[in-house]
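Okay, structure first, notes after.
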Protein chains: 2
Amino acid sequence: MTTEISPLAPEAFPELPPLGGCRLATGACGIKYENRTDLCVIEFAPGTAVAGVLTRSQTASAPVEWCREVLKTGKARAIIINSGNANAFTGIKGERSVSRTLEVLAENLGCKVEDLLVASTGVIGEPLPEERITERLPEILTTLAGAGWQLAAEAMMTTDTFAKGATREAHIGTARVTINGIAKGSGMIAPDMATMLSFVVTDAKIPASLLRVMLREGADRSFNSITVDSDTSTSDTLVLAATGKASHQEITEKTSLDDPLLADFRRALDEVLLNLAHQVVRDGEGAQKFIEIEVSGAASNEAARKIGLSIANSPLVKTAIAGEDANWGRIVMAVGKAGEKADRDKLSIRMGGVKVAEAGERAEGYDEAPVAAHMKGQEISIQVDVGVGAGTAKVWTCDLTHGYISINADYRS
Amino acid sequence: MTTEISPLAPEAFPELPPLGGCRLATGACGIKYENRTDLCVIEFAPGTAVAGVLTRSQTASAPVEWCREVLKTGKARAIIINSGNANAFTGIKGERSVSRTLEVLAENLGCKVEDLLVASTGVIGEPLPEERITERLPEILTTLAGAGWQLAAEAMMTTDTFAKGATREAHIGTARVTINGIAKGSGMIAPDMATMLSFVVTDAKIPASLLRVMLREGADRSFNSITVDSDTSTSDTLVLAATGKASHQEITEKTSLDDPLLADFRRALDEVLLNLAHQVVRDGEGAQKFIEIEVSGAASNEAARKIGLSIANSPLVKTAIAGEDANWGRIVMAVGKAGEKADRDKLSIRMGGVKVAEAGERAEGYDEAPVAAHMKGQEISIQVDVGVGAGTAKVWTCDLTHGYISINADYRS
């Protein structure tokens with residue numbers, strides 16, 4: 001398996017400041033990997049509000065099913081995350097592994113198991129050796145501290161080639177709050193190892209009911225608008241926690257989502273989510289190019305997103321871009337197969353800002369030279385107008401290369 | 001581009017006998033390729049009934065839009081097929097190319113343009129130089145003859161590595177009829193060259209209304225149950241023509257589809273369609289393995305087909321098989337993402353006939369050795385029972401290899 005860092009990686013992991021009401025600890029339990037960390041706990045102060053977005057998979061993992069219940073309460077005291085084993089398709093054994101792990105964690109943190117969230121990423125179908133976690137856990141928890149975000153991001157990596165973090169500040173009224181986020185993922189599923197996981201924490205005091213809506217909408221514009229290989233994990237988990245330790249004007253369940261008080265926070269949250277989602281694409285298995293696809297003129301925003309994802313998931317579009325080929329005929333094909341309304345005779349396509357097709361045929365006087373130059377870059381832009389309405393969407397993906405095949409086929413379990 | 005014949009190809013092109021009321025001609029027009037044929041005409045006797053299944057793409061080619069109208073009449077006197085240019089996304093120019101080509105053909109055959117079908121496969125977005133066809137067409141038509149099915153199949157190849165044909169005999173009452181079929185396709189779309197095309201002709205006398213239903217149902221179980229790369233062409237065209245030259249008991253529009261008189265014909269038709277569809281998969285770009293996926297226990301047959309295609313289209317399943325890896329965790333993932341009902345805790349999976357997973361976890365005493373041996377073969381069998389109902393389906397695909405990337409990415413337009 002390749003260990004080279006993706007050519008699309010950011011220069012460095014950003015500086016994530018400590019957050020009031022949030023402590024982290026990491027450790028090495030030897031669940032599957034040797035000589036690296038594979039466990040991370042994020043602890044929250046009492047009163048922390050949480051919201052989450054989980055995989056829609058019909059074969060979701062035991063940890064996902066557990067979180068689905070806990071998230072309904074809108075509160076949590078900690079999240080425990082392991083890499084190396086997804087605890088997915090492990091039947092009743094998997095549920096027991098979750099219970100046993102959380103019992104030890106609850107005892108050590110002095111809370112109830114119902115206050116705890118859990119996420120696992122790694123091999124599917126292997127029973128989780130949770131005793132390796134529970135044996136080491138008490139000692140690991142003695143290291144809980146406000147710093148350590150990069151270590152936490154590293155502990156949950158599987159085939160990721162770099163740790164992913166983002167931070168933003170926001171104003172709520174005149175007060176300043178912070179949002180920190182970490183993520184892992186490198187393909188919807190990496191070889192035998194599942195999952196996109198992301199955990200975002202803020203010191204703002206915002207009730208769970210508002211967090212839920214903000215997270216759902218933000219996720220739709222970020223994590224739900226990216227694709228590496230169209231495969232959906234059994235374990236995708238995105239959690240947003242608000243510890244409430246910052247002092248700011250009161251936000252209650254009655255505060256409207258459109259309240260100006262929330263505007264800057266929402267901007268910052270969306271930026272953190274989008275930044276993390278882009279990093280997942282930039283670490284897509286075998287990725288050499290980062291691709292932004294902007295669709296306009298669709299029947300609705302949802303139709304635009306579906307057309308965008310049809311382009312982003314097309315193996316023929318993705319291999320053409322890997323080959324630095326401005327093959328817009330394949331984009332036409334992908335628009336056509338999306339199943340959403342499009343007017344062939346009004347369709348227009350731009351690549352790198354240059355109009356290559358309009359009114360249902362190749363653009364008059366189309367000069368391929370600037371487009372060919374654009375295709376040689378690392379950041380590819382595709383704009384498509386389907387000519388039937390006002391719906392728009394942006395989606396992101398990476399190219400499909402020999403590297404993807406090598407990672408996923410040249411590997412034996 | 002590779003020119004090696006697929007390792008999954010049949011040993012030889014089968015012997016397709018001449019059919020009463022059907023003549024073929026092929027020729028080289030130099031539309032794009034040099035030193036090979038690229039045009040084929042299949043002529044039918046007056047009174048021939050036809051039915052067709054066309055791409056559902058919203059960006060369908062000019063020939064597809066033309067055929068959609070002609071097929072409504074249920075009759076046709078000929079089909080003209082060219083390779084090298086798909087005449088897709090060519091706007092009003094493309095429609096004119098269709099008209100000009102068919103005017104010359106109609107004049108030479110002594111029929112109306114409305115009696116003619118047309119299909120094109122090749123590059124998208126380039127105007128079709130139809131004058132190269134119309135100049136050579138009269139001379140090519142002087143060679144019309146009952147033999148020449150293999151030549152016809154060869155003339156429509158693009159990135160296909162072998163010509164595809166199938167033939168079956170059937171009894172209608174005590175009379176014997178024949179069904180011949182040819183197809184091309186090697187990926188829903190090959191590099192810049194679109195399309196799955198298939199033309200099936202019988203000397204039976206069956207009205208268009210019955211042909212339509214038999215073809216639609218047969219196509220659902222064959223061409224609509226295969227996938228190479230999930231990409232849908234702008235030009236997919238399947239046509240069934242019945243010349244009516246065989247003498248058999250009368251079949252009219254009032255004959256029921258369930259009439260025993262039709263049973264053997266339907267069996268033979270389904271066999272021809274399935275055989276041709278399998279050959280397309282066997283010529284899938286870069287294919288090294290032919291994969292049959294059988295889904296049972298789904299909420300409905302349609303749900304079973306959707307789950308089967310979700311598995312068949314999963315890049316992670318296809319790369320695992322390319323790597324000869326019995327990675328059933330990825331099959332669980334693909335079932336989960338299909339969006340159809342499945343019971344994780346009743347799910348069972350067999351590979352090569354061996355139970356690898358049941359009741360939501362790895363099968364008790366699962367021995368990987370026989371499965372690993374199966375994965376090394378060219379014919380891979382996957383059986384999945386999703387545990388919620390009585391719906392079943394079979395779908396077919398090939399693996400995803402470095403060859404696919406090489407064909408589609410290492411190529412420059």
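Naming works like this for the structure tokens: A, B, ... for the chains as they're shown, residue 1 at the start of each chain, ligands 1 onward in shown order.
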
Open item on the list: Set the cut-off to 7 Å and count only C-alpha atoms: what are the residues of chain B that reach chain A? Output as a ChimeraX atom specification.
Closed with: /B:57-59,89-91,124-125,192,229,231-234,314-316,319-320,322-323,325,329,332-333,336-337,342,344-345,360-362,401-402,405,408-413

For those residues, write C-alpha atoms to a file as a PDB file, in the first residue's frame.
```pdb
ATOM      1  CA  SER B  57     -30.121   9.446 -21.866  1.00  0.00           C
ATOM      2  CA  GLN B  58     -31.345  13.048 -21.790  1.00  0.00           C
ATOM      3  CA  THR B  59     -28.576  13.889 -24.261  1.00  0.00           C
ATOM      4  CA  PHE B  89     -24.219  16.408 -29.481  1.00  0.00           C
ATOM      5  CA  THR B  90     -23.956  17.730 -33.010  1.00  0.00           C
ATOM      6  CA  GLY B  91     -27.086  19.932 -32.900  1.00  0.00           C
ATOM      7  CA  ILE B 124     -19.130  12.495 -29.593  1.00  0.00           C
ATOM      8  CA  GLY B 125     -19.421  16.157 -30.566  1.00  0.00           C
ATOM      9  CA  ASP B 192     -14.666   9.088 -26.996  1.00  0.00           C
ATOM     10  CA  ASP B 229     -18.588   1.077 -15.803  1.00  0.00           C
ATOM     11  CA  ASP B 231     -21.820   4.994 -17.697  1.00  0.00           C
ATOM     12  CA  THR B 232     -24.842   5.164 -19.996  1.00  0.00           C
ATOM     13  CA  SER B 233     -24.262   5.949 -23.626  1.00  0.00           C
ATOM     14  CA  THR B 234     -25.970   8.696 -25.614  1.00  0.00           C
ATOM     15  CA  SER B 314     -19.063  -0.611  -7.036  1.00  0.00           C
ATOM     16  CA  PRO B 315     -15.465   0.311  -7.922  1.00  0.00           C
ATOM     17  CA  LEU B 316     -14.343  -1.254  -4.637  1.00  0.00           C
ATOM     18  CA  THR B 319     -11.137  -3.755  -7.904  1.00  0.00           C
ATOM     19  CA  ALA B 320     -11.217  -6.392  -5.151  1.00  0.00           C
ATOM     20  CA  ALA B 322      -9.434  -7.737 -10.066  1.00  0.00           C
ATOM     21  CA  GLY B 323      -7.099  -8.339  -7.136  1.00  0.00           C
ATOM     22  CA  ASP B 325      -9.458 -10.804  -3.117  1.00  0.00           C
ATOM     23  CA  GLY B 329     -16.992  -6.624   3.346  1.00  0.00           C
ATOM     24  CA  VAL B 332     -21.924  -5.738   2.394  1.00  0.00           C
ATOM     25  CA  MET B 333     -21.103  -2.071   1.780  1.00  0.00           C
ATOM     26  CA  GLY B 336     -26.051  -1.139   2.149  1.00  0.00           C
ATOM     27  CA  LYS B 337     -25.700   1.758  -0.278  1.00  0.00           C
ATOM     28  CA  ALA B 342     -32.036  -5.198   3.359  1.00  0.00           C
ATOM     29  CA  ARG B 344     -28.225  -6.599   7.956  1.00  0.00           C
ATOM     30  CA  ASP B 345     -28.815  -9.364  10.462  1.00  0.00           C
ATOM     31  CA  GLY B 360     -25.133 -10.512   9.669  1.00  0.00           C
ATOM     32  CA  GLU B 361     -21.632 -11.749  10.312  1.00  0.00           C
ATOM     33  CA  ARG B 362     -18.845 -13.961   8.972  1.00  0.00           C
ATOM     34  CA  THR B 401      -8.390  -3.261 -13.748  1.00  0.00           C
ATOM     35  CA  HIS B 402      -5.367  -1.195 -14.706  1.00  0.00           C
ATOM     36  CA  ILE B 405      -7.528   3.074 -16.677  1.00  0.00           C
ATOM     37  CA  ASN B 408      -9.544   5.505 -20.804  1.00  0.00           C
ATOM     38  CA  ALA B 409      -6.885   7.716 -19.239  1.00  0.00           C
ATOM     39  CA  ASP B 410      -3.642   6.996 -21.027  1.00  0.00           C
ATOM     40  CA  TYR B 411      -5.316   8.091 -24.219  1.00  0.00           C
ATOM     41  CA  ARG B 412      -5.332  11.661 -25.495  1.00  0.00           C
ATOM     42  CA  SER B 413      -7.916  13.066 -27.880  1.00  0.00           C
TER      43      SER B 413
END
```

- [ ] In Å, rounded to a single decimal, give me how far CA of Glu131 (chain B) is from CA of Asp367 (chain A).
- [x] 25.6 Å

Task: Long-range neighbours of region 63-79 of chain B as a list in words, 7 Å cut-off, only C-alpha atoms, 4 positions minimum in chain - done: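 Once the nearby chain positions are removed, what remains is Val41, Ile42, Glu43, Phe44, Ala45, Pro46, Thr48, Ala49, Val50, Ala51, Gly52, Leu54, Val98, Glu114, Asp115, Leu116, Leu117, Val118, Ala119, Ser120, Ala208 and Ser235 of chain B.
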
So which residues touch His171 (chain B) within 7 Å, counting only C-alpha atoms, skipping near sequence neighbours fewer than 3 positions away, as a PDB file with all heavy atoms, in the first residue's frame?
```pdb
ATOM      1  N   THR B 174     -45.086 -26.377 -35.439  1.00  0.00           N
ATOM      2  CA  THR B 174     -44.183 -27.395 -35.985  1.00  0.00           C
ATOM      3  C   THR B 174     -43.135 -26.768 -36.900  1.00  0.00           C
ATOM      4  O   THR B 174     -42.227 -27.465 -37.370  1.00  0.00           O
ATOM      5  CB  THR B 174     -44.979 -28.437 -36.784  1.00  0.00           C
ATOM      6  OG1 THR B 174     -45.750 -27.733 -37.762  1.00  0.00           O
ATOM      7  CG2 THR B 174     -45.902 -29.239 -35.880  1.00  0.00           C
ATOM      8  N   ALA B 175     -43.262 -25.474 -37.182  1.00  0.00           N
ATOM      9  CA  ALA B 175     -42.314 -24.827 -38.091  1.00  0.00           C
ATOM     10  C   ALA B 175     -41.059 -24.390 -37.348  1.00  0.00           C
ATOM     11  O   ALA B 175     -41.079 -24.174 -36.140  1.00  0.00           O
ATOM     12  CB  ALA B 175     -42.969 -23.612 -38.749  1.00  0.00           C
ATOM     13  N   ARG B 176     -39.962 -24.269 -38.110  1.00  0.00           N
ATOM     14  CA  ARG B 176     -38.695 -23.853 -37.511  1.00  0.00           C
ATOM     15  C   ARG B 176     -38.370 -22.433 -37.960  1.00  0.00           C
ATOM     16  O   ARG B 176     -38.456 -22.129 -39.156  1.00  0.00           O
ATOM     17  CB  ARG B 176     -37.597 -24.811 -37.971  1.00  0.00           C
ATOM     18  CG  ARG B 176     -36.441 -24.874 -37.030  1.00  0.00           C
ATOM     19  CD  ARG B 176     -35.429 -25.876 -37.517  1.00  0.00           C
ATOM     20  NE  ARG B 176     -34.846 -25.437 -38.780  1.00  0.00           N
ATOM     21  CZ  ARG B 176     -33.920 -26.110 -39.440  1.00  0.00           C
ATOM     22  NH1 ARG B 176     -33.504 -27.279 -39.000  1.00  0.00           N
ATOM     23  NH2 ARG B 176     -33.417 -25.653 -40.562  1.00  0.00           N
ATOM     24  N   VAL B 177     -38.027 -21.581 -37.039  1.00  0.00           N
ATOM     25  CA  VAL B 177     -37.592 -20.231 -37.394  1.00  0.00           C
ATOM     26  C   VAL B 177     -36.194 -20.014 -36.804  1.00  0.00           C
ATOM     27  O   VAL B 177     -35.720 -20.784 -35.981  1.00  0.00           O
ATOM     28  CB  VAL B 177     -38.558 -19.136 -36.858  1.00  0.00           C
ATOM     29  CG1 VAL B 177     -39.961 -19.350 -37.398  1.00  0.00           C
ATOM     30  CG2 VAL B 177     -38.567 -19.116 -35.334  1.00  0.00           C
ATOM     31  N   ASP B 264     -41.393 -21.224 -27.234  1.00  0.00           N
ATOM     32  CA  ASP B 264     -40.043 -21.597 -27.658  1.00  0.00           C
ATOM     33  C   ASP B 264     -39.336 -20.424 -28.330  1.00  0.00           C
ATOM     34  O   ASP B 264     -38.122 -20.254 -28.183  1.00  0.00           O
ATOM     35  CB  ASP B 264     -40.104 -22.801 -28.612  1.00  0.00           C
ATOM     36  CG  ASP B 264     -38.743 -23.445 -28.767  1.00  0.00           C
ATOM     37  OD1 ASP B 264     -38.111 -23.745 -27.719  1.00  0.00           O
ATOM     38  OD2 ASP B 264     -38.287 -23.614 -29.909  1.00  0.00           O
ATOM     39  N   PHE B 265     -40.102 -19.599 -29.053  1.00  0.00           N
ATOM     40  CA  PHE B 265     -39.503 -18.419 -29.678  1.00  0.00           C
ATOM     41  C   PHE B 265     -38.965 -17.470 -28.619  1.00  0.00           C
ATOM     42  O   PHE B 265     -37.856 -16.937 -28.739  1.00  0.00           O
ATOM     43  CB  PHE B 265     -40.539 -17.701 -30.562  1.00  0.00           C
ATOM     44  CG  PHE B 265     -39.976 -16.476 -31.224  1.00  0.00           C
ATOM     45  CD1 PHE B 265     -39.270 -16.573 -32.416  1.00  0.00           C
ATOM     46  CD2 PHE B 265     -40.127 -15.213 -30.644  1.00  0.00           C
ATOM     47  CE1 PHE B 265     -38.719 -15.441 -33.018  1.00  0.00           C
ATOM     48  CE2 PHE B 265     -39.593 -14.086 -31.242  1.00  0.00           C
ATOM     49  CZ  PHE B 265     -38.888 -14.194 -32.440  1.00  0.00           C
TER      50      PHE B 265
END
```
